[in-house]
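Coordinates as given in run-v1.txt (compact mmCIF, C-alpha atoms):
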# COMPACT_ATOMS: atom_id res chain seq x y z
CA MET K 44 -34.24 -3.32 41.30
CA VAL K 45 -36.24 -1.83 38.47
CA THR K 46 -34.28 0.10 35.91
CA GLU K 47 -36.04 2.74 33.96
CA LYS K 48 -36.93 1.63 30.45
CA GLN K 49 -35.42 3.94 27.89
CA SER K 50 -37.49 5.30 25.07
CA LEU K 51 -36.79 6.86 21.69
CA ASP K 52 -37.69 10.28 20.45
CA PRO K 53 -36.66 10.49 16.77
CA ARG K 54 -37.91 14.06 16.39
CA ASN K 55 -35.28 15.14 18.88
CA TRP K 56 -32.39 13.09 17.50
CA VAL K 57 -30.77 15.82 15.43
CA ASN K 58 -30.94 18.26 18.28
CA ALA K 59 -29.72 15.84 20.93
CA HIS K 60 -27.21 13.60 19.14
CA ALA K 61 -26.16 14.84 15.70
CA ASP K 62 -23.12 16.82 16.88
CA TYR K 63 -22.00 14.01 19.13
CA LEU K 64 -22.24 11.39 16.38
CA TYR K 65 -20.51 13.72 13.95
CA ALA K 66 -17.57 14.26 16.33
CA TYR K 67 -17.42 10.55 17.07
CA THR K 68 -17.09 9.79 13.37
CA LEU K 69 -14.65 12.58 12.63
CA SER K 70 -12.18 11.44 15.24
CA ARG K 71 -12.18 8.01 13.63
CA LEU K 72 -12.39 8.80 9.93
CA ASN K 73 -11.12 12.37 9.59
CA ASP K 74 -13.32 13.15 6.58
CA GLU K 75 -16.06 15.76 7.04
CA GLU K 76 -18.23 14.78 4.09
CA GLN K 77 -18.07 11.13 4.96
CA ALA K 78 -18.85 11.92 8.58
CA LYS K 79 -21.98 13.84 7.54
CA ASP K 80 -23.09 10.96 5.33
CA LEU K 81 -22.64 8.47 8.12
CA VAL K 82 -24.61 10.56 10.61
CA GLN K 83 -27.47 10.77 8.14
CA GLU K 84 -27.29 7.06 7.33
CA THR K 85 -27.27 6.25 11.01
CA PHE K 86 -30.48 8.17 11.67
CA LEU K 87 -32.22 6.68 8.66
CA ALA K 88 -31.16 3.14 9.57
CA ALA K 89 -32.24 3.79 13.15
CA LEU K 90 -35.71 4.93 12.03
CA GLU K 91 -36.23 1.57 10.40
CA LYS K 92 -35.25 -0.23 13.56
CA VAL K 93 -37.23 1.85 16.00
CA ASP K 94 -39.68 -0.95 16.80
CA ARG K 95 -36.82 -3.29 17.61
CA PHE K 96 -35.41 -1.00 20.29
CA GLU K 97 -35.72 -2.83 23.58
CA GLY K 98 -35.05 0.07 25.89
CA LYS K 99 -32.07 -1.61 27.52
CA SER K 100 -29.59 1.09 26.59
CA THR K 101 -29.87 4.82 26.27
CA GLU K 102 -30.91 6.34 23.00
CA ARG K 103 -27.41 7.68 22.45
CA THR K 104 -25.70 4.34 23.12
CA TRP K 105 -28.12 2.65 20.76
CA LEU K 106 -27.49 5.18 17.97
CA THR K 107 -23.73 5.01 18.52
CA ALA K 108 -23.79 1.23 18.13
CA ILE K 109 -25.45 1.61 14.73
CA LEU K 110 -22.88 4.23 13.75
CA LYS K 111 -19.98 2.05 14.90
CA ASN K 112 -21.01 -0.67 12.49
CA LYS K 113 -21.12 1.83 9.69
CA ILE K 114 -17.62 3.07 10.51
CA ILE K 115 -16.29 -0.48 10.47
CA ASP K 116 -17.94 -0.98 7.07
CA VAL K 117 -15.95 1.99 5.83
CA TYR K 118 -12.70 0.60 7.30
CA ARG K 119 -13.40 -2.68 5.58
CA LYS K 120 -14.21 -1.12 2.23
CA LYS K 121 -11.19 1.16 2.35
CA SER K 122 -8.79 -1.66 3.13
CA SER K 123 -9.93 -3.95 0.35
CA GLY K 124 -9.25 -3.78 -3.37
CA LEU K 125 -6.81 -1.09 -4.46
CA ALA K 126 -5.73 -0.38 -0.89
CA ASN K 127 -3.93 -3.72 -0.88
CA ILE K 128 -1.23 -2.15 -3.00
CA SER K 129 -0.13 0.21 -0.24
CA GLU K 130 -0.09 -2.69 2.17
CA LYS K 131 2.09 -4.74 -0.16
CA LYS K 132 4.41 -1.79 -0.54
CA ALA K 133 4.69 -1.27 3.20
CA GLU K 134 5.35 -4.98 3.72
CA GLU K 135 8.02 -4.84 1.04
CA GLU K 136 9.76 -1.96 2.82
CA GLN K 137 9.91 -3.93 6.03
CA LYS K 138 11.68 -6.83 4.37
CA ASP K 139 14.87 -4.81 4.68
CA PHE K 140 14.42 -4.23 8.41
CA PHE K 141 15.69 -7.68 9.35
CA GLU K 142 18.24 -10.07 7.85
CA GLU K 143 16.36 -12.72 5.98
CA ASP K 144 18.21 -15.73 7.34
CA THR K 145 18.86 -14.72 10.95
CA GLY K 146 16.09 -12.23 11.74
CA HIS K 147 18.64 -9.74 13.08
CA TRP K 148 18.15 -6.01 12.61
CA THR K 149 19.94 -4.87 9.48
CA GLU K 150 22.51 -2.17 9.93
CA ALA K 151 20.54 0.35 7.88
CA HIS K 152 17.36 -0.06 9.92
CA GLN K 153 18.46 -0.83 13.43
CA PRO K 154 16.90 1.25 16.19
CA LEU K 155 18.93 4.28 17.21
CA PRO K 156 18.23 6.59 20.11
CA PHE K 157 16.34 9.60 18.79
CA GLY K 158 15.37 11.43 21.90
CA ILE K 159 12.05 9.95 22.91
CA GLU K 160 13.58 7.44 25.26
CA ASP K 161 13.52 9.93 28.05
CA GLN K 162 10.28 11.77 27.62
CA GLU K 163 10.45 15.51 27.54
CA PRO K 164 6.97 16.94 27.91
CA LEU K 165 7.97 20.24 26.33
CA ARG K 166 8.68 18.69 23.00
CA ALA K 167 5.66 16.44 23.06
CA LYS K 168 3.57 18.78 20.95
CA GLU K 169 5.94 18.87 18.01
CA PHE K 170 6.42 15.18 18.37
CA ASN K 171 2.69 14.54 18.19
CA HIS K 172 2.54 16.30 14.87
CA ILE K 173 5.12 13.97 13.38
CA LEU K 174 3.43 10.99 14.95
CA GLN K 175 0.21 12.05 13.27
CA LEU K 176 1.90 12.28 9.87
CA CYS K 177 3.47 8.88 10.37
CA MET K 178 0.08 7.41 11.26
CA GLN K 179 -1.45 8.82 8.09
CA LYS K 180 1.15 6.92 6.10
CA LEU K 181 0.13 3.53 7.43
CA PRO K 182 -1.81 1.26 5.06
CA VAL K 183 -5.54 1.55 5.76
CA LEU K 184 -5.97 -1.95 7.16
CA TRP K 185 -3.13 -1.47 9.65
CA LYS K 186 -4.42 1.93 10.64
CA SER K 187 -7.98 0.66 11.08
CA VAL K 188 -6.88 -2.24 13.26
CA PHE K 189 -4.62 0.08 15.22
CA THR K 190 -7.39 2.63 15.75
CA MET K 191 -9.94 0.03 16.82
CA LYS K 192 -7.49 -1.41 19.30
CA HIS K 193 -6.09 1.78 20.75
CA MET K 194 -8.93 4.27 20.47
CA ASP K 195 -11.88 2.02 21.16
CA ASP K 196 -10.10 -0.65 23.12
CA ALA K 197 -11.98 -3.26 21.09
CA SER K 198 -11.29 -6.90 21.88
CA THR K 199 -8.91 -8.77 19.63
CA GLU K 200 -11.64 -11.29 18.79
CA PHE K 201 -14.01 -8.52 17.77
CA ILE K 202 -11.44 -6.84 15.53
CA CYS K 203 -10.51 -10.13 13.91
CA SER K 204 -14.08 -11.02 13.06
CA GLU K 205 -15.05 -7.54 11.89
CA MET K 206 -11.96 -6.98 9.78
CA ARG K 207 -11.85 -10.61 8.68
CA VAL K 208 -8.31 -11.36 9.72
CA THR K 209 -7.01 -14.35 11.67
CA GLN K 210 -5.54 -13.97 15.17
CA ALA K 211 -2.07 -14.69 13.83
CA ASN K 212 -2.59 -12.05 11.20
CA PHE K 213 -3.80 -9.60 13.80
CA TRP K 214 -0.49 -9.80 15.67
CA VAL K 215 1.43 -9.47 12.45
CA ILE K 216 -0.53 -6.29 11.65
CA ILE K 217 0.02 -4.80 15.11
CA HIS K 218 3.72 -5.64 14.85
CA ARG K 219 4.09 -4.22 11.35
CA ALA K 220 2.18 -1.05 12.17
CA LYS K 221 4.48 -0.37 15.11
CA LEU K 222 7.64 -1.19 13.17
CA SER K 223 6.53 1.30 10.52
CA LEU K 224 5.64 3.99 13.02
CA ARG K 225 8.91 3.64 14.89
CA ALA K 226 10.96 3.70 11.69
CA CYS K 227 9.05 6.74 10.43
CA LEU K 228 9.63 8.56 13.72
CA GLN K 229 13.33 7.75 13.78
CA LYS K 230 13.65 9.03 10.24
CA ASN K 231 11.73 12.27 10.81
CA TRP K 232 12.51 13.19 14.38
CA ILE K 233 16.02 14.49 14.52
CA MET E 70 16.03 -26.34 21.27
CA ASN E 71 16.06 -25.16 17.71
CA HIS E 72 12.92 -23.14 18.24
CA LEU E 73 14.25 -21.57 21.41
CA LYS E 74 17.50 -20.69 19.75
CA LYS E 75 15.58 -19.14 16.91
CA VAL E 76 13.69 -16.72 19.12
CA ILE E 77 16.59 -15.95 21.38
CA TYR E 78 18.64 -14.75 18.47
CA ASN E 79 15.82 -13.44 16.31
CA CYS E 80 15.01 -9.71 16.58
CA LYS E 81 11.99 -9.96 14.30
CA GLN E 82 10.38 -12.51 16.62
CA ALA E 83 11.45 -10.60 19.71
CA THR E 84 9.91 -7.35 18.50
CA LEU E 85 6.67 -9.20 17.73
CA LEU E 86 6.59 -10.42 21.32
CA ILE E 87 7.31 -6.90 22.57
CA GLU E 88 4.23 -5.65 20.70
CA LYS E 89 2.11 -8.57 21.81
CA ARG E 90 3.02 -7.97 25.44
CA GLN E 91 1.57 -4.45 25.33
CA ILE E 92 -1.85 -5.88 24.52
CA LYS E 93 -2.04 -9.22 26.28
CA SER E 94 0.06 -11.25 28.65
CA LEU E 95 2.57 -13.59 27.07
CA SER E 96 2.71 -17.31 27.69
CA PHE E 97 5.32 -18.56 30.13
CA ARG E 98 7.47 -19.77 27.29
CA GLU E 99 7.21 -16.47 25.40
CA THR E 100 8.08 -14.51 28.54
CA ILE E 101 11.26 -16.53 29.05
CA GLU E 102 12.25 -16.29 25.40
CA LEU E 103 11.80 -12.55 25.34
CA ARG E 104 13.64 -12.05 28.61
CA ILE E 105 16.63 -14.00 27.36
CA HIS E 106 16.62 -12.14 24.08
CA LEU E 107 16.46 -8.74 25.74
CA ALA E 108 19.26 -9.62 28.12
CA GLY E 109 21.59 -10.05 25.19
CA CYS E 110 20.32 -7.62 22.56
CA SER E 111 20.84 -3.91 23.12
CA MET E 112 19.02 -2.98 19.92
CA CYS E 113 15.83 -4.72 20.95
CA LYS E 114 16.19 -3.29 24.42
CA LEU E 115 16.18 0.15 22.83
CA TYR E 116 13.27 -0.86 20.60
CA ASN E 117 11.36 -2.00 23.65
CA LYS E 118 11.83 1.35 25.34
CA GLN E 119 10.87 3.33 22.25
CA SER E 120 7.91 1.10 21.54
CA GLN E 121 6.47 1.71 24.99
CA VAL E 122 6.87 5.45 24.68
CA ILE E 123 5.24 5.40 21.26
CA HIS E 124 2.40 3.32 22.67
CA GLN E 125 1.71 5.97 25.31
CA MET E 126 1.92 8.73 22.74
CA VAL E 127 -0.48 6.99 20.40
CA LEU E 128 -2.99 6.66 23.24
CA GLN E 129 -2.52 10.34 24.04
CA LEU E 130 -2.90 11.31 20.40
CA PHE E 131 -6.16 9.38 20.06
CA HIS E 132 -7.39 10.95 23.26
CA ASP E 133 -6.51 14.45 22.00
CA THR E 134 -8.15 13.75 18.65
CA GLN E 135 -11.38 12.86 20.40
CA GLN E 136 -11.17 15.95 22.58
CA GLN E 137 -10.64 18.20 19.59
CA ALA E 138 -13.42 16.56 17.62
CA SER E 139 -15.88 17.00 20.45
CA SER E 140 -15.83 20.75 19.93
CA LEU E 141 -16.78 20.40 16.26
CA VAL E 142 -20.40 20.90 15.32
CA LEU E 143 -22.46 20.28 12.22
CA ASP E 144 -23.61 23.28 10.24
CA GLU E 145 -27.18 24.38 10.79
CA THR E 146 -28.25 23.93 7.17
CA PHE E 147 -27.24 20.31 7.26
CA LYS E 148 -29.03 19.78 10.54
CA LYS E 149 -32.16 21.42 9.20
CA GLU E 150 -32.15 19.13 6.17
CA LEU E 151 -31.59 16.14 8.37
CA GLN E 152 -34.47 17.15 10.61
CA ASP E 153 -36.78 17.54 7.60
CA ARG E 154 -35.71 14.19 6.28
CA ILE E 155 -36.53 12.50 9.57
CA GLU E 156 -39.90 14.25 9.79
CA THR E 157 -40.75 13.09 6.27
CA GLU E 158 -39.81 9.52 7.08
CA LEU E 159 -41.86 9.60 10.26
CA ASN E 160 -44.91 11.00 8.51
CA ASN E 161 -44.75 8.35 5.82
CA THR E 162 -45.06 5.50 8.22
Would you give me this structure, written as structure tokens?
Amino acid sequence: MVTEKQSLDPRNWVNAHADYLYAYTLSRLNDEEQAKDLVQETFLAALEKVDRFEGKSTERTWLTAILKNKIIDVYRKKSSGLANISEKKAEEEQKDFFEEDTGHWTEAHQPLPFGIEDQEPLRAKEFNHILQLCMQKLPVLWKSVFTMKHMDDASTEFICSEMRVTQANFWVIIHRAKLSLRACLQKNWI
Amino acid sequence: MNHLKKVIYNCKQATLLIEKRQIKSLSFRETIELRIHLAGCSMCKLYNKQSQVIHQMVLQLFHDTQQQASSLVLDETFKKELQDRIETELNNT
């Protein structure tokens, strides 16, 4: 079977893909200025690579792959340096969740029923709003890993290598992110 | 024995396994450990239930975010500038 070889048409990129790439970025970074910058950077980087395009994917898939790498760069930059402080703080908070010697839930932080156990679709909208706020509070590294896993369904290996964390660390991050989210929801959803 | 005991009575470990299970399948040993823990720990049983609901809601939220974003468009001025920039680059090479 012969598959059609895809070709590139840079003069039509803005018209055909700019809005798509912008929306793609916004749903992952939630920052309009940054999203614009990344769309522009993607096109410029793509122009330099035009002769290396092999025609195996569509133009849009190819451009999106370039953009994805740029988004991950942003995740990485945001979660290094000063951002470590918020991670340390969040880790510190979780120390009180479990007894140090036994690993039991502490009385102050043990899970209590707060009404999501039996899903009520009617209240889902309000609940989503709180969930969103709780997500915003997560340290950037946790949120990035969480987003890559749950929005893009990226493989664990891929996330580990891109975000430079070990497998063991990956599970710790997933665990901590969820502990934080759950605690935040219990606290704010009553 | 010590290790087994540790997980069976340890909620921190058990909740880690609960999270892990939502992403990949657990080893035989982990499955047994978690099952025993959940049989005797009502708090982690509740956590397990909540965690699964939250998992579904997070997926839904991400899905909605993408839906909402897809209706957003770039402003025309920006697009025009971008187009000019690309034309310039193309003409220079």
If you take only C-alpha atoms and a cut-off of 7 Å, which residues of chain K touch chain E, and what are their nearest atom pairs and distances in Å to one decimal, in chain and number order, as a Markdown table?
| residue | atom | partner | partner_atom | distance |
| --- | --- | --- | --- | --- |
| K:Arg54 | CA | E:Glu156 | CA | 6.9 |
| K:Val57 | CA | E:Gln152 | CA | 6.2 |
| K:Asp62 | CA | E:Val142 | CA | 5.1 |
| K:Tyr63 | CA | E:Ser139 | CA | 6.9 |
| K:Ala66 | CA | E:Ala138 | CA | 4.9 |
| K:Leu69 | CA | E:Ala138 | CA | 6.5 |
| K:Ser70 | CA | E:Gln135 | CA | 5.4 |
| K:Gln83 | CA | E:Leu151 | CA | 6.8 |
| K:Phe141 | CA | E:Lys81 | CA | 6.6 |
| K:Thr145 | CA | E:Asn79 | CA | 6.3 |
| K:Gly146 | CA | E:Asn79 | CA | 4.7 |
| K:His147 | CA | E:Cys80 | CA | 5.0 |
| K:Trp148 | CA | E:Cys80 | CA | 6.3 |
| K:Gln153 | CA | E:Met112 | CA | 6.9 |
| K:Pro154 | CA | E:Met112 | CA | 6.0 |
| K:Ile159 | CA | E:Gln119 | CA | 6.8 |
| K:Glu160 | CA | E:Gln119 | CA | 5.8 |
| K:Asn171 | CA | E:Leu130 | CA | 6.8 |
| K:His193 | CA | E:Leu128 | CA | 6.3 |
| K:Met194 | CA | E:Phe131 | CA | 5.8 |
| K:Trp214 | CA | E:Lys89 | CA | 6.8 |
| K:His218 | CA | E:Leu85 | CA | 5.4 |
Correct to one decimal, the distance CA of Glu97 in chain K-CA of Thr68 in chain K is 24.7 Å
Got a sec: who's within 12 Å of Arg95 in chain K, counting all atoms listed in the file, leaving out chain neighbours fewer than 4 positions off, as a ChimeraX atom specification?
/K:50-51,88-91,99,105
Do you have the CA of Trp232 in chain K-CA of Met191 in chain K distance handy?
26.1 Å
Using CA of Arg119 in chain K and CA of Ile202 in chain K as the two end points, give the distance in Å to one decimal.
11.0 Å
Between K:Phe157, K:Phe189, K:Tyr67, K:Phe201, which one has atoms that come closest to Thr104 in chain K, using only C-alpha atoms?
K:Tyr67
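You can rank K:Ile109, K:Val208, K:Leu155, K:Leu224 by their closest distance to Leu184 in chain K using all atoms listed in the file, and at the top of that list sits K:Val208.
Each of K:Lys121, K:Ala197, K:Cys227, K:Leu106 was compared to Gln175 in chain K using all atoms listed in the file, and K:Cys227 turns out to be the nearest.
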